[in-house]
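For reference, work_11.txt (compact mmCIF, C-alpha atoms (C1' of nucleotides)):
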```
# COMPACT_ATOMS: atom_id res chain seq x y z
CA MET A 1 1.22 -15.59 6.70
CA THR A 2 0.48 -11.96 5.90
CA THR A 3 1.72 -8.94 7.82
CA LEU A 4 -1.85 -8.26 8.85
CA GLY A 5 -1.93 -11.75 10.34
CA TYR A 6 1.07 -10.90 12.52
CA ALA A 7 -0.51 -7.59 13.48
CA ILE A 8 -3.54 -9.51 14.76
CA LEU A 9 -1.37 -12.09 16.52
CA GLY A 10 0.55 -9.22 18.13
CA LEU A 11 -2.64 -7.91 19.65
CA LEU A 12 -3.92 -11.35 20.65
CA SER A 13 -0.60 -12.15 22.35
CA ARG A 14 -1.46 -9.39 24.84
CA GLU A 15 -5.15 -10.09 25.37
CA ASP A 16 -8.04 -12.12 24.01
CA LEU A 17 -10.15 -10.03 21.65
CA SER A 18 -13.15 -10.25 19.35
CA GLY A 19 -13.06 -9.22 15.70
CA TYR A 20 -14.86 -6.06 16.69
CA ASP A 21 -12.32 -5.31 19.43
CA LEU A 22 -9.49 -5.89 16.96
CA THR A 23 -11.13 -3.48 14.54
CA GLN A 24 -11.22 -0.77 17.21
CA ARG A 25 -7.52 -1.34 18.00
CA MET A 26 -6.65 -1.29 14.31
CA LYS A 27 -8.36 2.04 13.76
CA GLY A 28 -6.00 3.76 16.17
CA ARG A 29 -2.99 2.13 14.53
CA VAL A 30 -1.57 -0.95 16.23
CA GLY A 31 1.65 0.19 17.76
CA TYR A 32 0.90 3.43 15.95
CA PHE A 33 2.07 2.04 12.61
CA TRP A 34 -0.45 -0.44 11.22
CA SER A 35 -4.15 -0.31 10.49
CA ALA A 36 -6.94 -2.33 8.92
CA ARG A 37 -10.71 -2.33 8.40
CA HIS A 38 -13.11 -4.94 9.66
CA SER A 39 -13.61 -6.21 6.12
CA GLN A 40 -9.99 -7.30 6.13
CA ILE A 41 -9.88 -8.45 9.75
CA TYR A 42 -12.75 -10.96 9.73
CA PRO A 43 -11.47 -12.98 6.76
CA GLU A 44 -7.93 -12.85 8.16
CA LEU A 45 -9.17 -14.22 11.50
CA ALA A 46 -10.79 -17.11 9.63
CA ARG A 47 -7.49 -17.82 7.85
CA LEU A 48 -5.57 -17.63 11.13
CA GLU A 49 -7.98 -20.07 12.73
CA ASP A 50 -7.73 -22.32 9.69
CA GLY A 51 -3.94 -22.32 10.07
CA GLY A 52 -4.17 -23.16 13.76
CA TYR A 53 -2.75 -19.84 14.96
CA VAL A 54 -5.87 -18.81 16.87
CA THR A 55 -9.02 -20.38 18.30
CA HIS A 56 -12.30 -18.77 19.18
CA SER A 57 -15.10 -19.23 21.65
CA VAL A 58 -18.53 -17.67 21.48
CA VAL A 59 -19.32 -15.40 24.39
CA GLU A 60 -23.01 -14.84 24.95
CA GLN A 61 -24.01 -11.36 26.00
CA THR A 62 -27.32 -10.05 27.26
CA GLU A 63 -27.02 -6.32 26.68
CA ARG A 64 -25.46 -6.60 23.21
CA PRO A 65 -25.05 -9.16 20.42
CA ASP A 66 -23.01 -12.27 21.16
CA LYS A 67 -19.37 -12.22 20.09
CA LYS A 68 -16.52 -14.51 19.10
CA VAL A 69 -13.50 -14.02 21.33
CA TYR A 70 -10.22 -15.09 19.78
CA GLU A 71 -7.26 -16.54 21.64
CA ILE A 72 -3.74 -17.09 20.30
CA THR A 73 -2.48 -20.70 20.26
CA ASP A 74 1.03 -21.93 21.09
CA GLU A 75 1.59 -22.32 17.37
CA GLY A 76 0.48 -18.74 16.83
CA LEU A 77 2.77 -17.46 19.55
CA GLY A 78 5.68 -19.41 18.08
CA ALA A 79 5.04 -17.99 14.61
CA LEU A 80 4.83 -14.48 16.03
CA LYS A 81 8.07 -14.88 18.00
CA SER A 82 10.03 -16.11 15.01
CA TRP A 83 8.64 -13.30 12.85
CA VAL A 84 9.49 -10.51 15.27
CA THR A 85 13.25 -10.53 14.83
CA ARG A 86 13.35 -11.44 11.12
CA SER A 87 14.59 -8.51 9.02
CA PRO A 88 11.69 -6.99 7.11
CA GLU A 89 12.38 -6.82 3.40
CA PRO A 90 12.40 -3.08 2.67
CA ARG A 91 9.16 -1.94 1.10
CA PRO A 92 8.84 1.34 -0.78
CA ILE A 93 7.61 4.38 1.10
CA ARG A 94 4.76 6.14 -0.66
CA ASP A 95 3.87 9.59 0.58
CA GLU A 96 1.48 11.69 -1.45
CA LEU A 97 2.44 15.05 0.06
CA THR A 98 6.10 14.50 -0.77
CA LEU A 99 5.09 13.49 -4.28
CA LYS A 100 3.09 16.71 -4.59
CA THR A 101 6.13 18.59 -3.33
CA TYR A 102 8.07 17.28 -6.31
CA SER A 103 5.70 19.24 -8.59
CA MET A 104 5.10 22.26 -6.35
CA TRP A 105 7.13 24.50 -8.67
CA LEU A 106 4.01 24.48 -10.89
CA ALA A 107 1.76 25.86 -8.14
CA GLU A 108 0.91 29.33 -6.95
CA PRO A 109 3.25 30.05 -3.98
CA GLU A 110 0.32 31.22 -1.82
CA GLU A 111 -1.51 27.94 -2.35
CA ALA A 112 1.63 25.93 -1.67
CA VAL A 113 2.23 27.78 1.59
CA LYS A 114 -1.37 27.16 2.61
CA LEU A 115 -1.02 23.44 1.92
CA PHE A 116 2.16 23.05 3.94
CA ARG A 117 0.87 25.13 6.86
CA GLU A 118 -2.22 22.91 6.98
CA GLU A 119 -0.13 19.76 6.92
CA GLU A 120 2.23 21.17 9.53
CA LEU A 121 -0.78 21.68 11.78
CA ARG A 122 -2.07 18.15 11.16
CA HIS A 123 1.23 16.62 12.19
CA GLU A 124 1.64 18.91 15.17
CA GLU A 125 -1.78 17.90 16.43
CA GLN A 126 -0.93 14.24 16.03
CA LEU A 127 2.37 14.93 17.79
CA ALA A 128 0.61 16.66 20.69
CA HIS A 129 -1.72 13.66 21.02
CA TYR A 130 1.23 11.27 21.11
CA GLU A 131 3.05 13.46 23.64
CA GLU A 132 0.04 13.27 25.94
CA ILE A 133 0.10 9.50 25.82
CA ARG A 134 3.84 9.57 26.39
CA ALA A 135 3.53 11.79 29.45
CA TRP A 136 0.86 9.49 30.83
CA MET A 137 2.94 6.37 30.21
CA GLU A 138 6.08 7.85 31.70
CA SER A 139 4.31 8.77 34.91
CA GLU A 140 1.82 5.90 35.23
CA ARG A 141 3.88 3.06 33.77
CA ARG A 142 7.34 3.96 35.07
CA GLU A 143 8.19 0.55 36.43
CA GLU A 144 7.14 -1.43 33.35
CA LEU A 145 9.09 0.93 31.09
CA GLY A 146 12.21 0.04 33.04
CA ARG A 147 12.01 -3.50 31.68
CA THR A 148 12.57 -3.56 27.90
CA ASP A 149 11.02 -7.03 27.72
CA SER A 150 7.62 -5.76 28.84
CA PRO A 151 4.70 -5.16 26.46
CA GLU A 152 4.52 -1.65 27.89
CA PHE A 153 8.05 -0.86 26.76
CA ALA A 154 7.24 -2.29 23.31
CA THR A 155 4.22 0.00 23.05
CA TYR A 156 6.30 2.91 24.32
CA ALA A 157 8.98 2.23 21.70
CA THR A 158 6.42 2.41 18.90
CA LEU A 159 5.04 5.57 20.45
CA ARG A 160 8.51 7.10 20.37
CA ARG A 161 8.67 6.22 16.69
CA GLY A 162 5.37 7.99 16.15
CA ILE A 163 6.58 11.04 18.03
CA GLY A 164 9.81 11.25 16.06
CA TYR A 165 7.97 10.74 12.80
CA GLU A 166 5.36 13.41 13.43
CA ARG A 167 7.84 15.92 14.82
CA GLU A 168 10.16 15.49 11.84
CA TYR A 169 7.26 15.71 9.41
CA ALA A 170 5.88 18.86 11.02
CA GLU A 171 9.31 20.49 11.02
CA TRP A 172 9.81 19.69 7.37
CA CYS A 173 6.39 21.12 6.47
CA ARG A 174 7.28 24.30 8.36
CA TRP A 175 10.63 24.50 6.58
CA VAL A 176 8.96 24.17 3.16
CA ALA A 177 6.24 26.70 4.00
CA ASP A 178 8.77 29.17 5.43
CA SER A 179 11.03 28.75 2.41
CA VAL A 180 8.26 29.46 -0.06
CA ASP A 181 6.89 32.20 2.16
CA GLY A 182 10.31 33.86 2.25
CA ARG A 183 10.86 33.78 5.99
CA LYS A 184 13.92 31.60 6.25
CA ALA A 185 15.61 30.57 3.07
CA GLY A 186 13.17 32.04 0.55
CA GLU A 187 13.78 35.05 -1.66
CA LYS A 188 10.60 36.90 -2.61
CA LYS A 189 9.35 38.39 0.63
CA ASP A 190 6.66 40.59 -0.87
CA ARG A 191 4.66 39.62 -3.89
CA GLY A 192 2.41 42.60 -3.27
CA GLU A 193 -0.86 40.95 -4.22
CA LYS A 194 -4.11 42.05 -2.58
CA ARG A 195 -2.36 44.47 -0.32
CA GLY A 196 -3.39 47.78 1.22
CA GLY A 197 -7.12 47.73 0.28
CA MET B 1 -6.78 9.83 -11.99
CA THR B 2 -4.57 7.71 -9.75
CA THR B 3 -1.67 8.94 -7.66
CA LEU B 4 0.66 6.99 -9.92
CA GLY B 5 -0.76 8.95 -12.84
CA TYR B 6 0.23 12.21 -11.14
CA ALA B 7 3.67 10.79 -10.36
CA ILE B 8 4.16 10.12 -14.06
CA LEU B 9 2.81 13.55 -15.03
CA GLY B 10 5.17 15.08 -12.48
CA LEU B 11 8.12 13.51 -14.27
CA LEU B 12 6.79 14.33 -17.75
CA SER B 13 6.25 17.97 -16.77
CA ARG B 14 10.03 18.24 -16.43
CA GLU B 15 11.13 16.27 -19.49
CA ASP B 16 9.80 13.96 -22.20
CA LEU B 17 10.39 10.34 -21.29
CA SER B 18 9.74 6.81 -22.52
CA GLY B 19 8.07 4.14 -20.41
CA TYR B 20 11.49 2.63 -19.87
CA ASP B 21 12.94 5.98 -18.74
CA LEU B 22 10.03 6.44 -16.37
CA THR B 23 10.65 2.99 -14.94
CA GLN B 24 14.27 3.92 -14.21
CA ARG B 25 13.18 7.12 -12.46
CA MET B 26 10.54 5.25 -10.49
CA LYS B 27 13.03 2.72 -9.19
CA GLY B 28 15.01 5.44 -7.45
CA ARG B 29 11.83 6.88 -5.93
CA VAL B 30 10.34 9.91 -7.67
CA GLY B 31 11.02 12.79 -5.37
CA TYR B 32 12.38 10.11 -3.04
CA PHE B 33 8.89 9.11 -1.97
CA TRP B 34 7.12 7.22 -4.73
CA SER B 35 7.94 4.16 -6.78
CA ALA B 36 6.44 1.78 -9.33
CA ARG B 37 7.35 -1.14 -11.56
CA HIS B 38 7.16 -1.17 -15.31
CA SER B 39 4.17 -3.51 -15.14
CA GLN B 40 2.24 -0.69 -13.53
CA ILE B 41 3.74 2.12 -15.58
CA TYR B 42 2.94 0.91 -19.10
CA PRO B 43 -0.80 0.40 -18.51
CA GLU B 44 -0.97 3.72 -16.66
CA LEU B 45 0.65 5.50 -19.62
CA ALA B 46 -2.01 4.00 -21.88
CA ARG B 47 -4.74 5.28 -19.54
CA LEU B 48 -3.13 8.72 -19.40
CA GLU B 49 -3.00 8.85 -23.19
CA ASP B 50 -6.60 7.65 -23.35
CA GLY B 51 -7.58 10.50 -21.04
CA GLY B 52 -5.70 13.04 -23.13
CA TYR B 53 -3.12 13.85 -20.45
CA VAL B 54 -0.15 12.68 -22.52
CA THR B 55 0.74 11.94 -26.14
CA HIS B 56 3.50 9.79 -27.54
CA SER B 57 5.68 9.69 -30.60
CA VAL B 58 7.76 6.73 -31.74
CA VAL B 59 11.46 7.46 -31.82
CA GLU B 60 13.43 5.15 -34.08
CA GLN B 61 16.83 4.15 -32.80
CA THR B 62 19.63 2.32 -34.58
CA GLU B 63 21.73 1.03 -31.70
CA ARG B 64 18.81 -0.12 -29.59
CA PRO B 65 15.09 -0.95 -29.93
CA ASP B 66 12.75 1.86 -30.95
CA LYS B 67 10.92 3.63 -28.16
CA LYS B 68 7.75 5.60 -27.44
CA VAL B 69 8.55 9.00 -26.01
CA TYR B 70 5.74 10.54 -23.99
CA GLU B 71 4.97 14.23 -23.72
CA ILE B 72 2.56 15.91 -21.30
CA THR B 73 -0.38 17.81 -22.84
CA ASP B 74 -1.83 21.15 -21.69
CA GLU B 75 -4.68 19.16 -20.20
CA GLY B 76 -2.20 16.96 -18.36
CA LEU B 77 -0.31 19.97 -17.03
CA GLY B 78 -3.58 21.55 -15.90
CA ALA B 79 -4.62 18.39 -14.07
CA LEU B 80 -1.21 18.16 -12.42
CA LYS B 81 -1.29 21.81 -11.30
CA SER B 82 -4.73 21.53 -9.74
CA TRP B 83 -3.73 18.30 -7.95
CA VAL B 84 -0.51 19.71 -6.47
CA THR B 85 -2.06 22.00 -3.86
CA ARG B 86 -5.10 19.89 -3.02
CA SER B 87 -4.85 18.47 0.51
CA PRO B 88 -4.08 14.76 0.36
CA GLU B 89 -6.60 12.72 2.34
CA PRO B 90 -4.48 11.14 5.07
CA ARG B 91 -3.64 7.55 4.32
CA PRO B 92 -2.50 5.10 7.00
CA ILE B 93 1.22 4.62 7.51
CA ARG B 94 2.23 0.98 7.47
CA ASP B 95 5.68 0.15 8.74
CA GLU B 96 6.58 -3.45 9.35
CA LEU B 97 9.55 -2.78 11.63
CA THR B 98 7.44 -0.65 13.95
CA LEU B 99 4.80 -3.38 13.94
CA LYS B 100 7.48 -5.90 14.91
CA THR B 101 8.58 -3.52 17.65
CA TYR B 102 5.10 -3.77 19.15
CA SER B 103 5.77 -7.48 19.76
CA MET B 104 9.47 -7.32 20.55
CA TRP B 105 8.87 -8.11 24.22
CA LEU B 106 8.43 -11.72 23.01
CA ALA B 107 11.89 -11.87 21.45
CA GLU B 108 15.34 -12.68 22.75
CA PRO B 109 16.98 -9.32 23.63
CA GLU B 110 20.15 -10.25 21.69
CA GLU B 111 18.16 -10.89 18.53
CA ALA B 112 16.19 -7.69 18.98
CA VAL B 113 19.37 -5.65 19.37
CA LYS B 114 20.78 -7.28 16.23
CA LEU B 115 17.65 -6.40 14.26
CA PHE B 116 17.66 -2.75 15.29
CA ARG B 117 21.40 -2.34 14.74
CA GLU B 118 20.96 -3.71 11.22
CA GLU B 119 18.06 -1.39 10.52
CA GLU B 120 19.96 1.55 11.98
CA LEU B 121 22.76 0.82 9.53
CA ARG B 122 20.35 0.56 6.58
CA HIS B 123 18.88 3.95 7.31
CA GLU B 124 22.27 5.53 7.98
CA GLU B 125 23.49 4.31 4.61
CA GLN B 126 20.43 5.72 2.88
CA LEU B 127 20.96 8.96 4.80
CA ALA B 128 24.61 9.14 3.73
CA HIS B 129 23.52 8.65 0.12
CA TYR B 130 20.98 11.46 0.40
CA GLU B 131 23.52 13.74 2.06
CA GLU B 132 25.87 13.23 -0.88
CA ILE B 133 23.17 14.32 -3.29
CA ARG B 134 22.35 17.24 -1.03
CA ALA B 135 25.97 18.41 -0.92
CA TRP B 136 26.16 18.15 -4.70
CA MET B 137 22.93 20.10 -5.18
CA GLU B 138 23.88 22.81 -2.72
CA SER B 139 27.16 23.45 -4.49
CA GLU B 140 26.21 22.80 -8.13
CA ARG B 141 22.61 24.09 -8.11
CA ARG B 142 22.98 27.06 -5.75
CA GLU B 143 21.21 29.56 -7.97
CA GLU B 144 18.22 27.39 -8.81
CA LEU B 145 17.72 26.53 -5.12
CA GLY B 146 17.37 30.24 -4.41
CA ARG B 147 14.11 30.24 -6.38
CA THR B 148 11.42 28.17 -4.64
CA ASP B 149 9.42 27.99 -7.88
CA SER B 150 12.14 26.01 -9.66
CA PRO B 151 11.97 22.25 -10.26
CA GLU B 152 15.39 22.04 -8.59
CA PHE B 153 14.03 23.48 -5.36
CA ALA B 154 11.10 21.06 -5.53
CA THR B 155 13.49 18.13 -5.87
CA TYR B 156 15.63 19.54 -3.07
CA ALA B 157 12.60 19.86 -0.81
CA THR B 158 11.72 16.18 -1.28
CA LEU B 159 15.37 15.32 -0.67
CA ARG B 160 15.22 17.21 2.63
CA ARG B 161 12.20 15.13 3.54
CA GLY B 162 14.15 11.98 2.77
CA ILE B 163 17.08 13.16 4.86
CA GLY B 164 14.88 14.02 7.83
CA TYR B 165 13.00 10.75 7.55
CA GLU B 166 16.11 8.57 7.39
CA ARG B 167 17.92 10.47 10.14
CA GLU B 168 14.96 10.23 12.47
CA TYR B 169 14.47 6.54 11.66
CA ALA B 170 18.15 5.72 12.25
CA GLU B 171 18.14 7.62 15.55
CA TRP B 172 15.06 5.76 16.71
CA CYS B 173 16.60 2.40 15.79
CA ARG B 174 19.70 3.33 17.77
CA TRP B 175 17.60 4.38 20.73
CA VAL B 176 15.71 1.07 20.73
CA ALA B 177 18.88 -0.98 20.32
CA ASP B 178 20.68 0.98 23.06
CA SER B 179 17.70 0.66 25.38
CA VAL B 180 17.48 -3.09 24.99
CA ASP B 181 21.26 -3.39 25.12
CA GLY B 182 21.35 -1.49 28.40
CA ARG B 183 23.51 1.41 27.30
CA LYS B 184 21.17 4.30 27.77
CA ALA B 185 17.83 3.63 29.35
CA GLY B 186 18.01 -0.17 29.67
CA GLU B 187 18.43 -2.11 32.88
CA LYS B 188 20.04 -5.50 32.44
CA LYS B 189 23.62 -4.79 31.38
CA ASP B 190 24.89 -8.35 31.69
CA ARG B 191 22.76 -11.38 30.89
CA GLY B 192 25.89 -13.53 31.23
CA GLU B 193 25.07 -15.98 28.45
CA LYS B 194 27.87 -17.63 26.48
CA ARG B 195 30.49 -15.72 28.37
CA GLY B 196 34.06 -16.54 29.40
CA GLY B 197 34.76 -19.85 27.64
C1' DA C 1 -43.99 2.59 16.86
C1' DT C 2 -39.95 4.29 14.42
C1' DC C 3 -35.37 6.04 14.01
C1' DC C 4 -30.68 6.27 15.15
C1' DT C 5 -26.53 4.60 17.32
C1' DT C 6 -23.42 1.14 19.02
C1' DT C 7 -22.10 -3.41 19.03
C1' DA C 8 -21.25 -7.37 16.23
C1' DT C 9 -20.08 -10.16 11.99
C1' DG C 10 -19.76 -11.01 7.61
C1' DT C 11 -19.41 -10.72 1.82
C1' DA C 12 -18.45 -8.57 -2.77
C1' DA C 13 -16.57 -5.49 -6.14
C1' DA C 14 -13.04 -2.68 -7.39
C1' DT C 15 -8.41 -0.77 -7.05
C1' DC C 16 -3.52 -0.87 -6.26
C1' DC C 17 0.57 -3.24 -6.48
C1' DT C 18 3.93 -7.14 -6.99
C1' DG C 19 5.98 -10.94 -9.29
C1' DA C 20 6.05 -13.74 -13.01
C1' DC C 21 5.61 -14.54 -17.82
C1' DA C 22 6.53 -13.02 -22.54
C1' DT C 23 8.83 -10.98 -26.56
C1' DA C 24 12.18 -8.37 -29.44
C1' DT C 25 16.48 -5.57 -30.75
C1' DG C 26 21.25 -4.79 -30.66
C1' DA C 27 25.81 -4.90 -28.32
C1' DT C 28 29.44 -7.39 -26.19
C1' DA C 29 31.79 -11.40 -24.54
C1' DC C 30 33.32 -16.17 -25.07
C1' DG D 1 27.73 -19.38 -33.27
C1' DT D 2 25.57 -18.50 -28.93
C1' DA D 3 25.02 -16.80 -24.42
C1' DT D 4 24.24 -12.87 -21.90
C1' DC D 5 23.17 -8.19 -20.87
C1' DA D 6 20.82 -3.62 -21.38
C1' DT D 7 17.22 -1.60 -23.75
C1' DA D 8 12.40 -1.60 -24.71
C1' DT D 9 7.32 -2.83 -24.21
C1' DG D 10 3.82 -5.31 -22.87
C1' DT D 11 0.27 -8.95 -20.24
C1' DC D 12 -1.51 -11.77 -16.47
C1' DA D 13 -2.36 -13.92 -11.96
C1' DG D 14 -2.63 -13.12 -7.44
C1' DG D 15 -2.38 -10.67 -3.03
C1' DA D 16 -3.47 -6.57 -0.24
C1' DT D 17 -6.59 -2.98 0.71
C1' DT D 18 -10.65 0.04 0.36
C1' DT D 19 -15.44 0.99 -0.33
C1' DA D 20 -19.74 -0.47 -0.39
C1' DC D 21 -23.31 -3.79 0.57
C1' DA D 22 -25.65 -6.61 4.01
C1' DT D 23 -27.59 -8.34 8.34
C1' DA D 24 -28.82 -8.47 13.27
C1' DA D 25 -29.41 -7.45 18.38
C1' DA D 26 -30.08 -4.11 21.92
C1' DG D 27 -30.45 0.57 23.72
C1' DG D 28 -32.08 5.26 23.75
C1' DA D 29 -34.54 9.15 21.74
C1' DT D 30 -38.72 11.18 19.65
```
Would you write the structure of this file as structure tokens?
Amino acid sequence: MTTLGYAILGLLSREDLSGYDLTQRMKGRVGYFWSARHSQIYPELARLEDGGYVTHSVVEQTERPDKKVYEITDEGLGALKSWVTRSPEPRPIRDELTLKTYSMWLAEPEEAVKLFREEELRHEEQLAHYEEIRAWMESERREELGRTDSPEFATYATLRRGIGYEREYAEWCRWVADSVDGRKAGEKKDRGEKRGG
Amino acid sequence: MTTLGYAILGLLSREDLSGYDLTQRMKGRVGYFWSARHSQIYPELARLEDGGYVTHSVVEQTERPDKKVYEITDEGLGALKSWVTRSPEPRPIRDELTLKTYSMWLAEPEEAVKLFREEELRHEEQLAHYEEIRAWMESERREELGRTDSPEFATYATLRRGIGYEREYAEWCRWVADSVDGRKAGEKKDRGEKRGG
DNA sequence: ATCCTTTATGTAAATCCTGACATATGATAC
DNA sequence: GTATCATATGTCAGGATTTACATAAAGGAT
């Protein structure tokens, strides 16, 4: 079973979904930390059904094309349960911006600052989006969040991971930009280029 | 040009290295956020040489097998420089533990706590390792770190990213474990299983 | 009528990456 | 002697993922 398979089972354990529905969920990152395209999802669903982890039924629709709605089986739920608490074998983190950072000494400082300010913004926007969802959950799903064995708490926990990740990333980008820009730890405050028309 | 190609150029821009040397560097994560196996590195070196980004010379050794030492070309350095400040197109983050978290409501709380405590420890150990390097750099490379256009600062910046990442991850793991365990935000403090002989 | 969009489901080619297979030199240990 | 380890360089099969190709039904706009 692939990790994508478990991602799909994780969604199907909460509600029955079509391949198209799954694709929509996967775009917005399942639990905020997994994603896949439909070209990967449809074949995976076929494999899952082949393995007995899911079944499907065709739902006829009048106002749109018919669809296949998938349901998790007992076998699928069992597989998912036993996977959940198994230690994931650590896989390497690959982050292109950090890799670029390793060679940023070759770049023009102005361009480097621009890059990190842009990235800081990207992560702050993502953070703001997550914080909105968090505020909504904390007010509208208070009771469910009190029980750590609820799907809502599980979703909330992944959201907290997303928040921490984005906040840390944004802060780091700001620290790099400020350092190169000479505001905090940097040295050259005034390179004097293109100044005073 | 692939991202791996730029990772290799990033290393070769600092020093001439053999494929074997590169493999060693890549194991420990270039800039703490990229990695590759030798089976990927050797073909990539051939492609880089084919594209004129690197050249190699055979260095004969007496106490060990001969080796090919690679050197970056002006063209390679130019390609690397122009890549460094280009905005990376955002690629999806995939994290298996967070994906598992999304389905943790299906698991036994005890097993979930165990998982997150283990992961917390893993990230704290990695953090401690990074902090050691940081302390060494801050005391032994003080001058170079004052210039943000030095390779040392670039390395240091990626190290700071690693530190922030691991710290945040460990904290999150602790928060999840504590929540499920009932220490901070959790509810059920005593499930009473296997208690008192 | 025709075009575009959304819903809906698939396949195929190419790329990236891992794990296994393969070979050779020289040092050290037994 | 030979087994093993570190150095050193490669190839190959397969899995995971992306991008592009492909089709179709139904709705709304022009």
*C:DG19: which residues within 10 Å, counting only C-alpha atoms (C1' of nucleotides), same-chain residues fewer than 3 positions away excluded, as a ChimeraX atom specification?*
/B:39 /D:13-14
_Residues within 10 Å of D:DT18, please, as JSON, numbers by chain. Count only C-alpha atoms (C1' of nucleotides); anything in the same chain fewer than 4 positions from it doesn't count._
{"A": [36, 37, 39, 40], "C": [14, 15, 16]}
*Would you mind reading off the distance between atom CA of A:Arg86 and atom CA of B:Tyr32, one decimal, in Å?*
25.8 Å
*Return the neighbours of chain B among the residues of chain A, cut-off 6 Å, counting only C-alpha atoms, as a ChimeraX atom specification.*
/A:10,31,33-34,81,84-85,93-95,98,100-103,105-107,112,148-151,154-155,158,180
*Hey, can you check how far atom CA of B:Ser139 sits from atom CA of B:Ile163?*
17.2 Å
If we count all atoms listed in the file, which residues of chain A reach to within 7 Å of chain D? Please list them as a CSV table (one decimal) with C-alpha atoms, keeping the file's coordinate frame.
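Generated output (out-v3.csv):
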```csv
chain,number,residue,atom,x,y,z
A,63,GLU,CA,-27.0,-6.3,26.7
A,64,ARG,CA,-25.5,-6.6,23.2
A,65,PRO,CA,-25.0,-9.2,20.4
```
*atom CA of B:Lys67 and atom C1' of C:DA24, how far apart in Å?*
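Separation of atom C1' of C:DA24 and atom CA of B:Lys67: 12.1 Å.
Closest approach to C:DA8 from the set A:Asp66, A:Glu131, A:Asp178, A:Asp50 is made by A:Asp66, with distances taken over only C-alpha atoms (C1' of nucleotides).
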Per-residue nearest contacts of chain C to chain A (10 Å; only C-alpha atoms (C1' of nucleotides)) as CSV:
```
residue,atom,partner,partner_atom,distance
C:DT6,C1',A:Arg64,CA,9.0
C:DT7,C1',A:Arg64,CA,6.2
C:DA8,C1',A:Pro65,CA,5.9
C:DT9,C1',A:Tyr42,CA,7.7
C:DG10,C1',A:Tyr42,CA,7.3
C:DT11,C1',A:Ser39,CA,8.5
```
Based on the selection just made, write C-alpha atoms (C1' of nucleotides) of those residues as a short mmCIF file (atom, residue, chain, number, x, y, z; two decimals), keeping the file's coordinate frame.
```cif
data_model
loop_
_atom_site.label_atom_id
_atom_site.label_comp_id
_atom_site.auth_asym_id
_atom_site.auth_seq_id
_atom_site.Cartn_x
_atom_site.Cartn_y
_atom_site.Cartn_z
"C1'" DT C 6 -23.42 1.14 19.02
"C1'" DT C 7 -22.10 -3.41 19.03
"C1'" DA C 8 -21.25 -7.37 16.23
"C1'" DT C 9 -20.08 -10.16 11.99
"C1'" DG C 10 -19.76 -11.01 7.61
"C1'" DT C 11 -19.41 -10.72 1.82
#
```
Give, as lines of an AutoDock Vina configuration file, the centre coordinates and the x, y and z edge lengths in Å to one decimal for an axis-aligned box around all listed atoms of stretch 70-87 of chain B, padded by 8 Å on each side.
```
center_x = 0.3
center_y = 16.3
center_z = -11.7
size_x = 26.8
size_y = 27.5
size_z = 40.5
```
*Mind checking which residues fall within 12 Å of A:Gly52, counting only C-alpha atoms (C1' of nucleotides), ignoring those fewer than 6 positions away in the same chain, and posting them as a list in words?*
Met1, Leu9, Leu45, Ala46, Tyr70, Glu71, Ile72, Thr73, Asp74, Glu75, Gly76, Leu77, Gly78 and Ala79 of chain A
